[in-house]
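Student: I'd like to ask some things about the structure below.
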Amino acid sequence: RLTRPRAASTRTTTMRATAVVALLLHALPGSHGAATTFVRVPEDLAYAEAEARCTQIGAAIASIHSAAENELARTACGNSACWLGLAETGGDAGTAAANQTWLWQDPPAGQTALPAYTNWAAGAPDNAGGDQRNAIIDTAGEWHDSLSSPSHAPLCRVAGELNFTLDHAPQQCQVNTKCRQKKRTSKGKTGNVPRKDRDPTCCGRGAETSNIKHRSCAPVGDATYQFVQTGMACDVGESVEEYKCYPCKPGKTCDMGPGDEGRCKWPGPGHGTFVGVFLVFLGPIIFCIFAGVGWYVHKRKNADETYAAAARRVLCRRGTKVRAVAPTTSEEAPALPASTVSVVDAPAAGIAPNELGTVVSVKPANQR
């Protein structure tokens, strides 16, 4: 008889506990969707640059809408002051704090620009340094008004979490000057994609700005990096590219940039590098071979012309009609082609050998 009331009591207790947990979860930051994460970018930037950096990493300059979120933001900033996305609208340096209007610049969905929660330090905002129209959060979690020019770390608000950390690795920046999109053929081999079928984002083709073409982050083993286009320098040898390479978190997927060697072909053995090595080392050898052949042909041609001219001068000077006789041995005319040269029997022709030596008559081979 007591079993049924006990079961009902147990069910009622369970339902009440579930309702309490649901209410607690409803009150936690980000419980309506993706969890809210605050991240501090480890760079000291002016306000405008800080706001831009948050956008570049896929986040928004921080807005805070509860005491719980304020504690998360304070923890994320650590031992430094951070920029908040809170700015004064209207007014001037003489406007009293009670009459100032402050608005969140990039609040999340479901939140208004007009702050429902604030945590100003005592006396702030006070325009102590002039017309201070921006805000920072200090190490104690209190807010202060500030000019936009001082340098502070950006505090960014992320829906969910980033796939990468914000420790820039400049040594991973690289530029691919000869990349081409890869494709897989029917046999599984890698080839080149026809121009009409190329991915317009590969190697930066068709990208929004020219300065991101062929840029990417180089992987190290299984470690990859997130390519983030910025206005800050990333050193690549002697050139300076405006992007960052942030380490990808384990198990996460990151975009290594438009020149990513995983998608785009890079010069290597069998391509640009091989051609370069071939030209550097074998080019001089090939040049010497062709130069030697050319020199030999040139000298041989000059020798033939010299012998022919000498023979003509001798015959003309003597005024002797000489009958051409075919050579009997190759030694009689070693330096001239047998097809165009006949050796003259000088004694038979009445020419003294001691005057002239061997006399030749040069004629085309088809004439007699």
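Following the order of the structure tokens, first chain is A, next is B, and so on, with residues numbered from 1 inside each chain and ligands from 1 in the order they appear.
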Identify, with DSSP run on backbone atoms, the residues in range 26-96 of chain A assigned to helix (DSSP H, G or I), and express the list as number ranges by chain.
Tutor: A: 26-27, 47-56, 67-77
Student: Leaving out range 67-72 of chain A and any residue of its chain fewer than 2 positions from it, which residues lie within 8 Å of it when counting only C-alpha atoms, given as a list in words?
Tutor: Leu28, Pro29, Thr37, Phe38, Ile64, His65, Arg74, Thr75, Ala76, Tyr117 and Gly141 of chain A
Student: For Lys252 in chain A, which residue among A:Ala135, A:Ala116, A:Ala223, A:Ala124 is the nearest when counting only C-alpha atoms?
Tutor: A:Ala223
Student: Counting only C-alpha atoms, which residues in range 99-167 of chain A sit no more than 9 Å from range 225-228 of chain A? For each one, give the nearest pair of atoms and the distance in Å, sorted by chain then residue number, as a Markdown table.
Tutor:
| residue | atom | partner | partner_atom | distance |
| --- | --- | --- | --- | --- |
| A:Asn163 | CA | A:Gln226 | CA | 8.3 |
| A:Phe164 | CA | A:Gln226 | CA | 6.7 |
| A:Thr165 | CA | A:Gln226 | CA | 8.9 |
Student: Mind dumping the selected residues with C-alpha atoms as a PDB file, in the first residue's frame?
Tutor:
ATOM      1  CA  ASN A 163      39.896  25.864 -33.297  1.00  0.00           C
ATOM      2  CA  PHE A 164      43.314  27.402 -32.701  1.00  0.00           C
ATOM      3  CA  THR A 165      45.379  29.124 -30.058  1.00  0.00           C
TER       4      THR A 165
END
Student: Work out how far apart CA of Gln56 in chain A and CA of Thr230 in chain A are and give it in Å to one decimal.
Tutor: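 Between these atoms lies a distance of 6.7 Å.
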Student: Residues at most 7 Å from Trp120 in chain A, counting only C-alpha atoms, excluding those fewer than 4 positions away in the same chain, as a list in words?
Tutor: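 Close residues of Trp120 in chain A: Ala124, Glu142, Trp143 and His144 of chain A.
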